[in-house]
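Coordinates as given in coords-v4.cif (mmCIF, C-alpha atoms and all ligand atoms):
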data_entry
#
loop_
_atom_site.label_atom_id
_atom_site.label_comp_id
_atom_site.auth_asym_id
_atom_site.auth_seq_id
_atom_site.Cartn_x
_atom_site.Cartn_y
_atom_site.Cartn_z
CA MET A 24 -24.41 2.14 20.35
CA SER A 25 -22.05 2.08 17.43
CA LYS A 26 -19.94 -0.97 16.67
CA VAL A 27 -16.40 -0.65 15.37
CA ILE A 28 -15.31 -3.66 13.32
CA CYS A 29 -11.91 -4.24 11.73
CA VAL A 30 -11.29 -6.78 9.01
CA LEU A 31 -7.88 -8.31 9.60
CA HIS A 32 -5.68 -11.09 8.30
CA ASP A 33 -1.93 -11.10 7.90
CA LYS A 34 -2.22 -12.43 4.35
CA GLY A 35 -2.84 -10.10 1.40
CA GLY A 36 -5.45 -10.99 -1.22
CA CYS A 37 -7.77 -12.84 1.14
CA ALA A 38 -10.77 -10.53 0.53
CA LYS A 39 -10.39 -8.07 3.43
CA THR A 40 -11.22 -5.04 1.26
CA THR A 41 -13.91 -6.92 -0.69
CA THR A 42 -15.53 -7.84 2.63
CA VAL A 43 -15.33 -4.30 4.05
CA VAL A 44 -16.85 -2.74 0.90
CA ASN A 45 -19.67 -5.22 0.37
CA LEU A 46 -20.63 -5.73 3.98
CA ALA A 47 -20.67 -1.96 4.55
CA PHE A 48 -22.78 -1.29 1.44
CA ALA A 49 -25.18 -4.09 2.40
CA LEU A 50 -25.63 -2.63 5.90
CA TRP A 51 -26.12 0.82 4.38
CA LEU A 52 -28.82 -0.61 2.07
CA LEU A 53 -30.44 -2.04 5.20
CA GLY A 54 -30.68 1.49 6.60
CA LYS A 55 -27.56 1.65 8.80
CA LYS A 56 -25.20 4.64 9.06
CA ILE A 57 -21.69 3.61 8.09
CA LEU A 58 -18.15 4.98 8.31
CA LEU A 59 -15.39 3.23 6.37
CA VAL A 60 -11.76 3.73 7.41
CA ASP A 61 -8.99 2.78 4.98
CA THR A 62 -5.62 2.23 6.70
CA ASP A 63 -3.82 0.42 3.86
CA PRO A 64 -1.17 2.36 1.84
CA GLN A 65 -2.37 0.44 -1.23
CA CYS A 66 -5.60 2.46 -0.99
CA ASN A 67 -7.75 -0.30 -2.54
CA LEU A 68 -10.75 0.62 -0.41
CA THR A 69 -10.34 4.34 -1.17
CA ASP A 70 -10.03 3.62 -4.90
CA THR A 71 -13.20 1.56 -4.84
CA ILE A 72 -15.15 4.25 -3.01
CA ASP A 73 -13.82 7.25 -4.91
CA LYS A 74 -10.73 7.08 -7.12
CA THR A 75 -10.37 10.85 -7.29
CA VAL A 76 -10.32 11.55 -3.59
CA HIS A 77 -7.02 10.42 -2.17
CA LYS A 78 -5.12 12.00 -5.02
CA GLU A 79 -6.66 15.40 -4.25
CA ALA A 80 -7.48 15.24 -0.57
CA ASP A 81 -5.14 17.18 1.67
CA SER A 82 -6.54 15.39 4.64
CA THR A 83 -6.51 11.60 4.82
CA ILE A 84 -6.06 9.01 7.55
CA TYR A 85 -2.33 9.71 7.30
CA GLU A 86 -2.53 13.37 8.32
CA TRP A 87 -4.90 12.36 11.07
CA MET A 88 -2.62 9.66 12.47
CA HIS A 89 0.56 11.56 11.88
CA ASP A 90 0.05 15.29 12.43
CA SER A 91 -2.83 15.81 14.81
CA LYS A 92 -2.11 16.15 18.47
CA SER A 93 -3.92 13.58 20.54
CA GLY A 94 -7.50 14.62 21.25
CA GLU A 95 -7.38 17.53 18.83
CA VAL A 96 -8.40 17.06 15.25
CA LEU A 97 -8.02 20.10 13.09
CA SER A 98 -9.98 18.89 10.13
CA PHE A 99 -11.88 15.65 10.00
CA PRO A 100 -10.87 13.73 6.87
CA ILE A 101 -14.40 12.39 6.47
CA TYR A 102 -15.97 12.34 3.01
CA THR A 103 -19.34 11.12 1.82
CA ARG A 104 -20.00 8.47 -0.81
CA TYR A 105 -23.76 8.31 -0.26
CA GLU A 106 -25.80 10.00 2.44
CA GLY A 107 -25.18 7.85 5.52
CA LEU A 108 -22.16 6.12 3.97
CA ASP A 109 -18.99 8.09 4.82
CA TYR A 110 -15.33 7.22 4.53
CA ILE A 111 -11.87 8.26 5.63
CA PRO A 112 -9.45 7.78 2.72
CA SER A 113 -5.95 6.36 2.94
CA SER A 114 -2.88 7.62 1.13
CA GLN A 115 0.38 6.11 -0.06
CA SER A 116 2.14 7.95 2.79
CA MET A 117 0.62 5.35 5.09
CA SER A 118 3.57 3.15 4.09
CA ASN A 119 5.62 5.26 6.57
CA ILE A 120 3.13 5.19 9.42
CA ASN A 121 4.46 2.15 11.28
CA ALA A 122 7.92 3.66 11.63
CA GLU A 123 6.47 7.04 12.62
CA LEU A 124 4.12 5.58 15.22
CA GLN A 125 7.15 4.05 16.98
CA LEU A 126 8.13 7.55 18.10
CA MET A 127 4.71 8.53 19.50
CA TYR A 128 3.81 8.15 23.16
CA ASN A 129 0.26 6.89 22.57
CA ARG A 130 1.29 4.83 19.58
CA GLU A 131 -1.21 1.98 19.94
CA HIS A 132 -4.18 4.18 20.82
CA ARG A 133 -4.21 6.99 18.27
CA LEU A 134 -6.96 5.63 16.04
CA GLU A 135 -9.10 4.80 19.07
CA GLU A 136 -8.62 8.33 20.42
CA PHE A 137 -9.44 9.96 17.11
CA LEU A 138 -12.62 7.96 16.64
CA SER A 139 -13.62 9.15 20.13
CA VAL A 140 -13.05 12.85 19.42
CA VAL A 141 -16.25 14.81 19.99
CA ASP A 142 -17.57 16.79 17.03
CA PRO A 143 -17.96 20.39 18.31
CA GLU A 144 -21.17 20.97 16.32
CA SER A 145 -23.15 17.93 17.41
CA GLY A 146 -21.37 17.16 20.70
CA ILE A 147 -21.22 13.49 19.62
CA ALA A 148 -18.06 11.36 19.34
CA ILE A 149 -17.21 10.51 15.74
CA ARG A 150 -17.73 6.76 16.20
CA ASP A 151 -21.14 7.35 17.77
CA MET A 152 -22.40 9.22 14.72
CA TYR A 153 -22.54 5.84 12.96
CA ASP A 154 -24.13 2.45 13.52
CA TYR A 155 -21.06 0.65 12.17
CA VAL A 156 -17.48 1.75 11.61
CA PHE A 157 -15.43 -0.61 9.42
CA ILE A 158 -11.63 -0.49 9.43
CA ASP A 159 -9.84 -2.07 6.46
CA CYS A 160 -6.39 -3.30 7.52
CA ALA A 161 -3.21 -3.66 5.50
CA PRO A 162 -1.69 -7.13 5.23
CA GLY A 163 1.48 -7.84 7.21
CA GLY A 164 0.14 -9.01 10.55
CA GLU A 165 1.55 -7.54 13.68
CA THR A 166 2.21 -3.89 12.78
CA LEU A 167 1.55 -0.82 14.89
CA MET A 168 -1.18 0.35 12.49
CA ASN A 169 -2.96 -3.01 12.67
CA THR A 170 -2.62 -2.89 16.46
CA ASN A 171 -4.25 0.57 16.36
CA ALA A 172 -7.11 -0.95 14.35
CA LEU A 173 -7.58 -3.78 16.87
CA VAL A 174 -7.42 -1.43 19.87
CA ALA A 175 -10.01 0.89 18.26
CA SER A 176 -12.38 -1.99 17.47
CA ASP A 177 -15.10 -3.79 19.36
CA PHE A 178 -14.92 -6.70 16.93
CA VAL A 179 -12.73 -8.24 14.28
CA ILE A 180 -13.93 -10.22 11.28
CA VAL A 181 -11.38 -12.69 9.91
CA PRO A 182 -11.87 -13.51 6.21
CA THR A 183 -10.93 -17.12 5.76
CA GLU A 184 -9.90 -18.62 2.47
CA ALA A 185 -9.85 -22.31 1.79
CA SER A 186 -6.10 -22.87 1.81
CA ILE A 187 -3.42 -24.62 3.84
CA TYR A 188 -1.60 -21.29 4.38
CA ASN A 189 -4.72 -19.99 6.03
CA LEU A 190 -4.79 -22.86 8.54
CA GLN A 191 -1.07 -22.47 9.22
CA GLY A 192 -1.43 -18.72 9.87
CA LEU A 193 -4.31 -18.99 12.35
CA PRO A 194 -2.34 -19.68 15.59
CA ARG A 195 -0.20 -16.59 14.90
CA LEU A 196 -3.28 -14.44 14.35
CA LEU A 197 -4.99 -15.71 17.51
CA ALA A 198 -1.83 -15.10 19.55
CA TYR A 199 -1.63 -11.54 18.17
CA ILE A 200 -5.24 -10.73 19.06
CA ASP A 201 -4.75 -12.23 22.54
CA LYS A 202 -1.61 -10.17 23.09
CA VAL A 203 -3.47 -6.95 22.15
CA ARG A 204 -6.33 -7.88 24.47
CA ILE A 205 -4.13 -8.72 27.44
CA GLN A 206 -1.21 -6.30 27.16
CA LEU A 207 -3.13 -3.28 25.89
CA LYS A 208 -6.35 -4.10 27.74
CA ALA A 209 -8.28 -3.92 24.48
CA HIS A 210 -11.83 -5.27 24.52
CA VAL A 211 -11.80 -6.50 20.93
CA GLU A 212 -13.42 -9.87 20.21
CA ILE A 213 -13.56 -12.03 17.10
CA LEU A 214 -17.06 -11.56 15.67
CA GLY A 215 -16.51 -14.50 13.37
CA TYR A 216 -14.57 -16.20 10.62
CA LEU A 217 -16.01 -15.52 7.19
CA LEU A 218 -15.42 -18.28 4.64
CA ILE A 219 -14.41 -16.73 1.32
CA ARG A 220 -14.45 -18.13 -2.24
CA TRP A 221 -16.56 -20.98 -0.95
CA ASN A 222 -16.81 -23.87 -3.37
CA PRO A 223 -18.34 -27.03 -1.87
CA ARG A 224 -17.02 -29.15 -4.77
CA ARG A 225 -13.45 -28.61 -3.57
CA ALA A 226 -12.15 -30.89 -0.83
CA ILE A 227 -10.02 -28.11 0.67
CA SER A 228 -13.12 -25.89 1.03
CA ARG A 229 -14.90 -28.66 2.94
CA GLU A 230 -11.82 -29.37 5.10
CA VAL A 231 -11.33 -25.72 6.04
CA LYS A 232 -15.03 -25.41 6.87
CA ALA A 233 -14.87 -28.47 9.14
CA TYR A 234 -11.76 -27.12 10.88
CA TYR A 235 -13.32 -23.70 11.55
CA SER A 236 -16.54 -25.30 12.77
CA ASP A 237 -14.66 -26.63 15.83
CA ILE A 238 -14.98 -23.67 18.18
CA ASN A 239 -12.62 -25.21 20.77
CA GLU A 240 -9.88 -25.15 18.18
CA VAL A 241 -10.49 -21.71 16.65
CA LYS A 242 -11.99 -19.92 19.70
CA ALA A 243 -14.70 -18.03 17.79
CA PRO A 244 -17.68 -18.87 15.59
CA LEU A 245 -17.76 -19.36 11.85
CA PHE A 246 -20.39 -17.15 10.18
CA PRO A 247 -23.17 -19.49 9.02
CA ILE A 248 -23.16 -17.81 5.59
CA TYR A 249 -20.25 -18.49 3.22
CA ILE A 250 -19.16 -16.12 0.45
CA ARG A 251 -19.17 -18.04 -2.80
CA GLU A 252 -16.52 -17.72 -5.48
CA CYS A 253 -17.71 -14.95 -7.80
CA VAL A 254 -15.81 -13.13 -10.57
CA ARG A 255 -18.04 -10.06 -10.13
CA CYS A 256 -16.08 -9.22 -6.95
CA ASN A 257 -13.06 -8.36 -9.04
CA GLU A 258 -14.93 -6.65 -11.89
CA SER A 259 -17.01 -4.30 -9.73
CA VAL A 260 -13.95 -2.59 -8.25
CA ALA A 261 -12.86 -1.23 -11.66
CA TYR A 262 -16.12 0.76 -11.81
CA GLU A 263 -15.89 2.16 -8.25
CA MET A 264 -18.85 0.01 -7.35
CA SER A 265 -19.81 -2.51 -4.73
CA LEU A 266 -21.51 -5.70 -5.91
CA PHE A 267 -24.87 -4.09 -5.15
CA GLU A 268 -24.55 -1.52 -7.94
CA TYR A 269 -22.50 -3.65 -10.35
CA SER A 270 -24.14 -7.05 -10.10
CA PRO A 271 -26.96 -7.02 -7.55
CA ASP A 272 -28.12 -10.52 -8.47
CA SER A 273 -24.67 -12.13 -8.20
CA THR A 274 -24.09 -14.95 -5.74
CA ALA A 275 -21.61 -12.94 -3.65
CA ALA A 276 -24.01 -9.95 -3.42
CA ASP A 277 -26.63 -12.29 -1.99
CA ASP A 278 -24.09 -13.83 0.41
CA TYR A 279 -22.84 -10.46 1.71
CA MET A 280 -26.44 -9.26 2.11
CA ARG A 281 -27.18 -12.37 4.19
CA VAL A 282 -24.12 -11.76 6.38
CA ALA A 283 -25.28 -8.14 6.90
CA GLU A 284 -28.79 -9.37 7.81
CA TYR A 285 -27.23 -11.88 10.20
CA ILE A 286 -25.10 -9.16 11.86
CA ILE A 287 -28.08 -6.90 12.54
CA GLY A 288 -30.13 -9.87 13.72
CA ARG A 289 -32.73 -9.60 10.97
CA GLY A 290 -34.64 -12.83 10.67
CA THR A 291 -36.41 -14.05 7.56
CA ARG A 292 -35.96 -11.77 4.58
CA PRO A 293 -39.17 -9.97 3.51
CA HIS A 294 -40.48 -10.82 0.00
CA SER A 295 -39.94 -7.24 -1.12
CA TRP A 296 -36.20 -7.33 -0.34
CA THR A 297 -34.91 -8.71 -3.65
CA PRO A 298 -31.75 -8.14 -5.75
CA GLN A 299 -33.90 -5.96 -8.04
CA ARG A 300 -34.89 -3.75 -5.09
CA TRP A 301 -31.40 -3.33 -3.60
CA GLY A 302 -29.97 -2.91 -7.12
CA GLN A 303 -32.44 -0.05 -7.78
CA LEU A 304 -31.55 1.68 -4.51
CA ALA A 305 -27.81 1.28 -5.00
CA ASN A 306 -27.91 2.44 -8.62
CA ALA A 307 -30.02 5.50 -7.87
CA ALA A 308 -27.50 6.50 -5.18
CA TYR A 309 -24.60 5.83 -7.55
CA LYS A 310 -26.13 8.06 -10.26
CA ARG A 311 -26.51 10.91 -7.77
CA PHE A 312 -22.91 10.41 -6.59
CA ILE A 313 -21.51 10.59 -10.15
CA GLN A 314 -23.65 13.64 -11.00
CA GLU A 315 -22.53 15.48 -7.84
CA ARG A 316 -18.92 14.63 -8.55
CA SER A 317 -19.01 15.88 -12.13
CA LYS A 318 -20.68 19.10 -10.91
CA THR A 319 -17.86 19.63 -8.38
CA GLU A 320 -15.22 18.88 -11.03
CA LYS A 321 -16.72 21.53 -13.35
CA GLU A 322 -16.80 24.20 -10.63
N1 LIG A 401 -15.75 -14.34 -3.28
C1 LIG A 401 -14.81 -14.05 -4.17
N2 LIG A 401 -14.74 -14.71 -5.36
C2 LIG A 401 -13.79 -14.44 -6.27
N3 LIG A 401 -12.84 -13.48 -6.12
C3 LIG A 401 -12.84 -12.78 -4.97
C4 LIG A 401 -13.81 -13.03 -3.93
N4 LIG A 401 -13.55 -12.18 -2.92
C5 LIG A 401 -12.49 -11.43 -3.29
N5 LIG A 401 -12.06 -11.78 -4.52
C6 LIG A 401 -10.95 -11.20 -5.29
O1 LIG A 401 -9.72 -11.51 -4.62
C7 LIG A 401 -8.79 -10.46 -4.80
C8 LIG A 401 -8.26 -10.01 -3.45
O2 LIG A 401 -9.31 -9.44 -2.71
P1 LIG A 401 -9.08 -8.17 -1.77
O3 LIG A 401 -10.39 -7.88 -1.14
O4 LIG A 401 -8.41 -7.06 -2.51
O5 LIG A 401 -8.07 -8.79 -0.70
P2 LIG A 401 -7.23 -8.09 0.48
O6 LIG A 401 -7.89 -6.79 0.80
O7 LIG A 401 -7.28 -9.09 1.59
O8 LIG A 401 -5.83 -7.90 -0.05
C9 LIG A 401 -9.51 -9.35 -5.54
O9 LIG A 401 -9.18 -9.41 -6.90
C10 LIG A 401 -10.98 -9.68 -5.31
O10 LIG A 401 -11.80 -9.17 -6.33
MG MG A 402 -7.07 -4.85 0.86
#
Could you write out this structure as structure tokens?
Amino acid sequence: MSKVICVLHDKGGCAKTTTVVNLAFALWLLGKKILLVDTDPQCNLTDTIDKTVHKEADSTIYEWMHDSKSGEVLSFPIYTRYEGLDYIPSSQSMSNINAELQLMYNREHRLEEFLSVVDPESGIAIRDMYDYVFIDCAPGGETLMNTNALVASDFVIVPTEASIYNLQGLPRLLAYIDKVRIQLKAHVEILGYLLIRWNPRRAISREVKAYYSDINEVKAPLFPIYIRECVRCNESVAYEMSLFEYSPDSTAADDYMRVAEYIIGRGTRPHSWTPQRWGQLANAAYKRFIQERSKTEKE
């Protein structure tokens, strides 16, 4: 059974896209089939996966959400980064989608319906062709597009920075998720809070961790692995790379790999599964991707 997971927080810059990219690549390196869905008009996820695509693609998440009639998808905007690691790009037109969805009858359910469309060749629903589907959300909280992401998802991961704003925003986020669950009968659950830019030397980091450890207060578990502060997160994006190609032995690469292992329920890591090994695999795939792309550009 596939799992659809959205990464949501109403704040921008709190590592939603970084989490989607690195968790997805880690799960792919662990042998899982992945689909990434970018819903943010800023296209940060799309740019990290393939800068050239959304500028040239005539079919993106926007055309899918906007033009297709419910249940009928004329062309699937699904592209491949590596074999088993596919993505649906976003486009800047997504900045209009919330206003446009207002006028549609199934406005909260379009993404869910599209991910359930059956591929005529294989007879399998799109979401079921993958082990994990990750949806990267735009900031801005309670929007129709974010509601679509929640309704389409089995789980939500909430990246959690050590800051006072984060603590202040949590009741609003929990109320939003509850409203989607109750009023739209969505089955989405919080998979966990993921501590980001973890730095145990800072008092605020320790305070936020203690707060999120109280499950009665925050209603869902804190992932037992924290993502450490790591400048490689920012650098890797410029090269269209995840941490696993750019800096496989960085602290954050190790942390995201551990979160991925935790999600699939893998116990103790085998001795052979080292940063050198996953770096080799990721870099070999990256080389093939760049070669294929330059071949296509020449044609
Ligand atoms: N663990 C980390 N350590 C240091 N910088 C990080 C970390 N995670 C993310 N960042 C940086 O924070 C910025 C915002 O992250 P991003 O994933 O784009 O946030 P969002 O998608 O929530 O807007 C980016 O420059 C990113 O590289
Ligand atoms: Mg983002």
Please return as a compact mmCIF listing (two decimals) with C-alpha atoms, in the coordinates of the input the residues found within 8 Å of ligand MG 402 (chain A), counting all atoms listed in the file.
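Okay, part35.txt is ready:
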# COMPACT_ATOMS: atom_id res chain seq x y z
CA GLY A 35 -2.84 -10.10 1.40
CA GLY A 36 -5.45 -10.99 -1.22
CA ALA A 38 -10.77 -10.53 0.53
CA LYS A 39 -10.39 -8.07 3.43
CA THR A 40 -11.22 -5.04 1.26
CA THR A 41 -13.91 -6.92 -0.69
CA ASP A 63 -3.82 0.42 3.86
CA GLN A 65 -2.37 0.44 -1.23
CA CYS A 66 -5.60 2.46 -0.99
CA ASN A 67 -7.75 -0.30 -2.54
CA LEU A 68 -10.75 0.62 -0.41
CA ASP A 159 -9.84 -2.07 6.46
CA CYS A 160 -6.39 -3.30 7.52
CA ALA A 161 -3.21 -3.66 5.50
CA PRO A 162 -1.69 -7.13 5.23
In Å to one decimal, how far is atom CA of Met264 of chain A from atom CA of Val60 of chain A?
16.8 Å
Please put the answer as lines of an AutoDock Vina configuration file: centre and edge lengths, in Å with one decimal, of a box along x, y and z that encloses all listed atoms of segment 235-250 of chain A plus 5 Å on each side.
center_x = -16.5
center_y = -21.4
center_z = 10.6
size_x = 23.3
size_y = 20.5
size_z = 30.3
Kindly indicate which residue among A:Leu124, A:Asn257, A:Trp87, A:Met168 lies nearest to Val140 of chain A, using all atoms listed in the file for the distances.
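Answer, going by the shortest atom-to-atom distance: A:Trp87.
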Just the residues within 12 Å of segment 202-212 of chain A, please, counting only C-alpha atoms, with nothing from its chain fewer than 6 positions along; format it as number ranges by chain.
A: 26-30, 129-132, 135, 165-167, 169-181, 195-196, 242-244
Selection near segment 97-107 of chain A, 9 Å with all atoms listed in the file, sequence-local residues under 2 positions removed, as number ranges by chain
A: 51, 54-58, 72-73, 76, 80-84, 86-87, 91-92, 95, 109-112, 153, 308-309, 311-312
Given all atoms listed in the file as the basis, pick out the residue of A:Ile120, A:Ile250, A:Leu59, A:Ala276 nearest to ligand LIG 401 (chain A).
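Answer, going by the shortest atom-to-atom distance: A:Ile250.
You can rank A:Leu53, A:Ala198, A:Val260, A:Ala307 by their closest distance to ligand LIG 401 (chain A) using only C-alpha atoms and all ligand atoms, and at the top of that list sits A:Val260.
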Determine, counting only C-alpha atoms, every residue of protein, DNA or RNA that lies within 10 Å of (1.0, -16.6, 5.9) in the file coordinates, then give the result as number ranges by chain.
A: 32-35, 162-164, 187-193, 195-196
The distance between atom CA of Asp272 of chain A and atom CA of Leu31 of chain A is 27.2 Å
Which polymer residues, whether protein, DNA or RNA, lie within 6 Å of the coordinate (-26.3, -7.7, 4.5) when you count all atoms listed in the file? List them as a short mmCIF file (atom, residue, chain, number, x, y, z; two decimals) with C-alpha atoms, in the coordinates of the input, using the chain letters and numbers from the file.
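New file out_10.cif:
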data_model
loop_
_atom_site.label_atom_id
_atom_site.label_comp_id
_atom_site.auth_asym_id
_atom_site.auth_seq_id
_atom_site.Cartn_x
_atom_site.Cartn_y
_atom_site.Cartn_z
CA ALA A 49 -25.18 -4.09 2.40
CA LEU A 50 -25.63 -2.63 5.90
CA TYR A 279 -22.84 -10.46 1.71
CA MET A 280 -26.44 -9.26 2.11
CA ARG A 281 -27.18 -12.37 4.19
CA VAL A 282 -24.12 -11.76 6.38
CA ALA A 283 -25.28 -8.14 6.90
CA GLU A 284 -28.79 -9.37 7.81
#
Between A:Tyr235, A:Met152, A:Arg251, A:Leu52, which residue has the minimum interatomic distance to ligand LIG 401 (chain A), considering only C-alpha atoms and all ligand atoms?
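Using only C-alpha atoms and all ligand atoms, the shortest distance to ligand LIG 401 (chain A) belongs to A:Arg251.
In terms of minimum interatomic distance to ligand LIG 401 (chain A), A:Arg255 ranks closest within A:Arg255, A:Arg133, A:Arg150, A:Lys74, counting only C-alpha atoms and all ligand atoms.
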